[in-house]
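Remarks on the structure that follows.
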Amino acid sequence: MTLELVVDGSQVTERALAFPDQARAIRIMDAASYQQACEFLKGVKALRDEIADTFDPHIKRAFESHRALVKDKRDAEAPLAEAELIAKRALVTFDTEQERIRQEEQRRLQEQARRDAEERQLVEAIALEEEAQASGDAILAMEAAAKLEEPVHVPAVAVAPMTPKVSGIAYRETWGGRLTDIAAVIKYAAANPQFMGLLMINQPALNQLARSMKHQMRIPGVEAVCTKDVAAGRR
């Protein structure tokens with residue numbers, strides 16, 4: 001698809017350049033100067049309409065061409081996107097299962113290491129106790145008793161990941177929050193102001209309420225704000 005746009009907007013652009021200085025020179029002192037300012041504003045509107053007539057048809061064609069190209073690209077990529085999603089799901093499923101197996105094995109080995117350590121400590125305490133009884137050594141008997149009270153030192157056990165490392169393939173965890181109880185969040189944020197950022201006002205709904213109620217809107221924490229603008233038509 002070939003897109004050629006030739007837009008000659010030099011005339012309207014050149015005419016528009018003088019308008020800011022003319023606007024700065026406006027001084028509204030009386031009804032006559034007010035009327036002149038209104039006529040100037042309508043002239044601004046008229047030139048803007050002329051600029052729109054100059055550029056908008058070309059913008060529309062460019063937008064339609066862009067949209068068509070984007071669709072063509074999306075259609076071309078669609079089978080690959082589907083294949084990528086299927087493959088990724090399979091990889092994640094395998095990796096998740098391997099991690100479950102790894103953690104289960106690590107817990108089993110850690111428990112075995114704890115039992116082995118406790119057994120070694122018990123054997124050492126019994127040996128001390130037997131030696132103390134044979135020799136009649138009271139201090140050795142106290143050491144045997146203390147041995148049983150010592151915390152058991154269990155070496156940490158680590159099982160290596162079971163999913164093979166493949167160059168160019170990496171896993172990324174993405175965490176997100178999900179709202180389960182809005183009232184509880186409001187209560188918590190009220191007690192902990194540092195989390196007030198979690199409470200985002202629904203601005204479109206607030207604006208709609210202000211438009212309907214105007215000065216009658218009476219809600220703690222918000223206020224109705226009115227801004228005034230000027231609408232200008234063609235001459």
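Identifiers in the structure tokens: chain A, B, ... in order shown; residue index from 1 per chain; ligand index from 1 in order shown.
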List as CSV every residue of region 62-143 of chain A that is in contact with region 155-172 of chain A, defined as an atom at most 7 Å from one of its atoms (using only C-alpha atoms), together with the nearest atom pair and the distance in Å rounded to one decimal, sorted by chain and then rising number.
```
residue,atom,partner,partner_atom,distance
A:Asp95,CA,A:Thr163,CA,6.0
A:Gln98,CA,A:Met162,CA,5.9
A:Glu99,CA,A:Pro161,CA,6.9
A:Arg102,CA,A:Val159,CA,6.4
A:Gln106,CA,A:Val159,CA,5.6
A:Leu109,CA,A:Val157,CA,6.7
A:Gln110,CA,A:Val157,CA,5.6
```
Could you write out the selected residues, including all heavy atoms, as a CSV table (one decimal), in the first residue's frame?
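Output file part.csv is given in full below:
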```csv
chain,number,residue,atom,x,y,z
A,95,ASP,N,6.9,-25.6,33.8
A,95,ASP,CA,7.8,-25.0,34.8
A,95,ASP,C,7.2,-25.0,36.1
A,95,ASP,O,7.8,-25.2,37.2
A,95,ASP,CB,8.2,-23.6,34.3
A,95,ASP,CG,9.2,-22.9,35.3
A,95,ASP,OD1,10.3,-23.4,35.4
A,95,ASP,OD2,8.8,-22.0,36.0
A,98,GLN,N,7.3,-28.4,37.6
A,98,GLN,CA,8.7,-28.8,38.0
A,98,GLN,C,9.0,-28.0,39.3
A,98,GLN,O,9.7,-28.6,40.2
A,98,GLN,CB,9.7,-28.4,36.9
A,98,GLN,CG,9.5,-29.2,35.7
A,98,GLN,CD,9.6,-30.7,35.9
A,98,GLN,OE1,10.6,-31.2,36.4
A,98,GLN,NE2,8.6,-31.5,35.6
A,99,GLU,N,8.6,-26.8,39.5
A,99,GLU,CA,8.8,-26.1,40.7
A,99,GLU,C,8.1,-26.7,41.9
A,99,GLU,O,8.6,-26.7,43.0
A,99,GLU,CB,8.4,-24.6,40.5
A,99,GLU,CG,8.6,-23.7,41.7
A,99,GLU,CD,10.1,-23.6,42.2
A,99,GLU,OE1,11.0,-24.0,41.4
A,99,GLU,OE2,10.3,-23.2,43.3
A,102,ARG,N,10.1,-29.7,42.8
A,102,ARG,CA,11.4,-29.3,43.4
A,102,ARG,C,11.1,-28.9,44.9
A,102,ARG,O,11.9,-29.3,45.8
A,102,ARG,CB,12.0,-28.1,42.7
A,102,ARG,CG,13.4,-27.7,43.2
A,102,ARG,CD,13.8,-26.3,42.7
A,102,ARG,NE,13.0,-25.3,43.3
A,102,ARG,CZ,13.2,-24.7,44.5
A,102,ARG,NH1,14.2,-25.2,45.2
A,102,ARG,NH2,12.5,-23.8,45.0
A,106,GLN,N,12.5,-30.6,48.2
A,106,GLN,CA,13.3,-29.8,49.1
A,106,GLN,C,12.8,-29.9,50.6
A,106,GLN,O,13.5,-30.0,51.5
A,106,GLN,CB,13.4,-28.4,48.7
A,106,GLN,CG,14.3,-27.5,49.5
A,106,GLN,CD,14.6,-26.2,48.9
A,106,GLN,OE1,15.2,-26.1,47.8
A,106,GLN,NE2,14.1,-25.1,49.5
A,109,LEU,N,13.7,-33.4,51.9
A,109,LEU,CA,15.1,-33.5,52.3
A,109,LEU,C,15.4,-32.7,53.5
A,109,LEU,O,16.2,-33.1,54.4
A,109,LEU,CB,16.0,-33.1,51.1
A,109,LEU,CG,16.0,-34.0,49.9
A,109,LEU,CD1,16.8,-33.3,48.8
A,109,LEU,CD2,16.5,-35.4,50.2
A,110,GLN,N,14.7,-31.5,53.6
A,110,GLN,CA,14.9,-30.7,54.8
A,110,GLN,C,14.4,-31.4,56.1
A,110,GLN,O,15.1,-31.4,57.1
A,110,GLN,CB,14.2,-29.3,54.6
A,110,GLN,CG,14.5,-28.3,55.7
A,110,GLN,CD,16.0,-27.8,55.6
A,110,GLN,OE1,16.4,-27.3,54.5
A,110,GLN,NE2,16.7,-28.0,56.6
```
Using only C-alpha atoms, which of the listed residues (A:Pro204, A:Leu47, A:Tyr34, A:Leu148) sits closest to Leu17 (chain A)?
A:Leu47
Using Å and a single decimal, report how far CA of Glu119 (chain A) sits from CA of Ala134 (chain A).
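Computed distance, CA of Ala134 (chain A) to CA of Glu119 (chain A), equals 22.3 Å.
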Quick one: residues within 9 Å of His153 (chain A), only C-alpha atoms, excluding same-chain residues fewer than 4 positions away - as a PyMOL selection string?
chain A and resi 114+117-118
Measure the distance from CA of Ser33 (chain A) to CA of Glu14 (chain A) in Å and round it to one decimal.
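Spanning CA of Ser33 (chain A) to CA of Glu14 (chain A) is a straight-line distance of 26.0 Å.
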Using Å and a single decimal, report how far CA of Val154 (chain A) sits from CA of Ala132 (chain A).
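According to the coordinates, CA of Ala132 (chain A) and CA of Val154 (chain A) are separated by 26.7 Å.
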Within 12 Å of region 122-129 of chain A, counting only C-alpha atoms, which residues show up once you throw out same-chain ones fewer than 5 positions away? Write them as an mmCIF file with N, CA and C atoms, in the first residue's frame, please.
```
data_model
loop_
_atom_site.group_PDB
_atom_site.id
_atom_site.type_symbol
_atom_site.label_atom_id
_atom_site.label_comp_id
_atom_site.auth_asym_id
_atom_site.auth_seq_id
_atom_site.Cartn_x
_atom_site.Cartn_y
_atom_site.Cartn_z
ATOM 1 N N ARG A 115 15.566 -34.655 61.018
ATOM 2 C CA ARG A 115 15.520 -35.907 61.791
ATOM 3 C C ARG A 115 16.926 -36.464 62.021
ATOM 4 N N ASP A 116 17.774 -36.387 60.987
ATOM 5 C CA ASP A 116 19.151 -36.882 61.122
ATOM 6 C C ASP A 116 19.911 -36.083 62.177
ATOM 7 N N ALA A 117 19.704 -34.758 62.177
ATOM 8 C CA ALA A 117 20.405 -33.915 63.148
ATOM 9 C C ALA A 117 19.937 -34.214 64.567
ATOM 10 N N ALA A 134 29.293 -44.592 83.721
ATOM 11 C CA ALA A 134 30.407 -45.531 83.897
ATOM 12 C C ALA A 134 31.524 -44.936 84.746
ATOM 13 N N SER A 135 31.742 -43.636 84.592
ATOM 14 C CA SER A 135 32.851 -43.002 85.318
ATOM 15 C C SER A 135 32.399 -42.329 86.604
ATOM 16 N N GLY A 136 31.080 -42.142 86.770
ATOM 17 C CA GLY A 136 30.578 -41.427 87.932
ATOM 18 C C GLY A 136 30.899 -39.945 87.898
ATOM 19 N N ASP A 137 31.123 -39.415 86.666
ATOM 20 C CA ASP A 137 31.478 -37.990 86.496
ATOM 21 C C ASP A 137 30.195 -37.161 86.449
ATOM 22 N N ALA A 138 29.972 -36.371 87.521
ATOM 23 C CA ALA A 138 28.748 -35.559 87.599
ATOM 24 C C ALA A 138 28.734 -34.456 86.540
ATOM 25 N N ILE A 139 29.904 -33.882 86.265
ATOM 26 C CA ILE A 139 29.983 -32.800 85.260
ATOM 27 C C ILE A 139 29.638 -33.346 83.886
ATOM 28 N N LEU A 140 30.109 -34.544 83.586
ATOM 29 C CA LEU A 140 29.807 -35.161 82.300
ATOM 30 C C LEU A 140 28.314 -35.464 82.185
ATOM 31 N N ALA A 141 27.694 -35.847 83.313
ATOM 32 C CA ALA A 141 26.253 -36.093 83.318
ATOM 33 C C ALA A 141 25.486 -34.813 83.040
ATOM 34 N N MET A 142 25.970 -33.695 83.583
ATOM 35 C CA MET A 142 25.334 -32.402 83.323
ATOM 36 C C MET A 142 25.485 -32.015 81.855
ATOM 37 N N GLU A 143 26.648 -32.312 81.274
ATOM 38 C CA GLU A 143 26.863 -32.017 79.862
ATOM 39 C C GLU A 143 25.914 -32.836 78.982
ATOM 40 N N ALA A 144 25.682 -34.112 79.402
ATOM 41 C CA ALA A 144 24.770 -34.965 78.655
ATOM 42 C C ALA A 144 23.354 -34.399 78.687
ATOM 43 N N ALA A 145 22.940 -33.937 79.871
ATOM 44 C CA ALA A 145 21.610 -33.355 79.999
ATOM 45 C C ALA A 145 21.496 -32.064 79.195
ATOM 46 N N ALA A 146 22.566 -31.239 79.235
ATOM 47 C CA ALA A 146 22.561 -29.986 78.490
ATOM 48 C C ALA A 146 22.530 -30.231 76.980
ATOM 49 N N LYS A 147 23.156 -31.354 76.580
ATOM 50 C CA LYS A 147 23.193 -31.670 75.155
ATOM 51 C C LYS A 147 21.788 -31.854 74.596
ATOM 52 N N LEU A 148 20.929 -32.449 75.416
ATOM 53 C CA LEU A 148 19.548 -32.677 74.980
ATOM 54 C C LEU A 148 18.749 -31.387 74.869
ATOM 55 N N GLU A 149 19.196 -30.357 75.599
ATOM 56 C CA GLU A 149 18.469 -29.082 75.599
ATOM 57 C C GLU A 149 18.960 -28.125 74.516
ATOM 58 N N GLU A 150 20.075 -28.466 73.906
ATOM 59 C CA GLU A 150 20.631 -27.573 72.882
ATOM 60 C C GLU A 150 19.703 -27.510 71.660
ATOM 61 N N PRO A 151 19.624 -26.335 71.012
ATOM 62 C CA PRO A 151 18.871 -26.258 69.746
ATOM 63 C C PRO A 151 19.519 -27.166 68.707
ATOM 64 N N VAL A 152 18.706 -27.779 67.947
ATOM 65 C CA VAL A 152 19.221 -28.684 66.913
ATOM 66 C C VAL A 152 19.649 -27.870 65.702
#
```
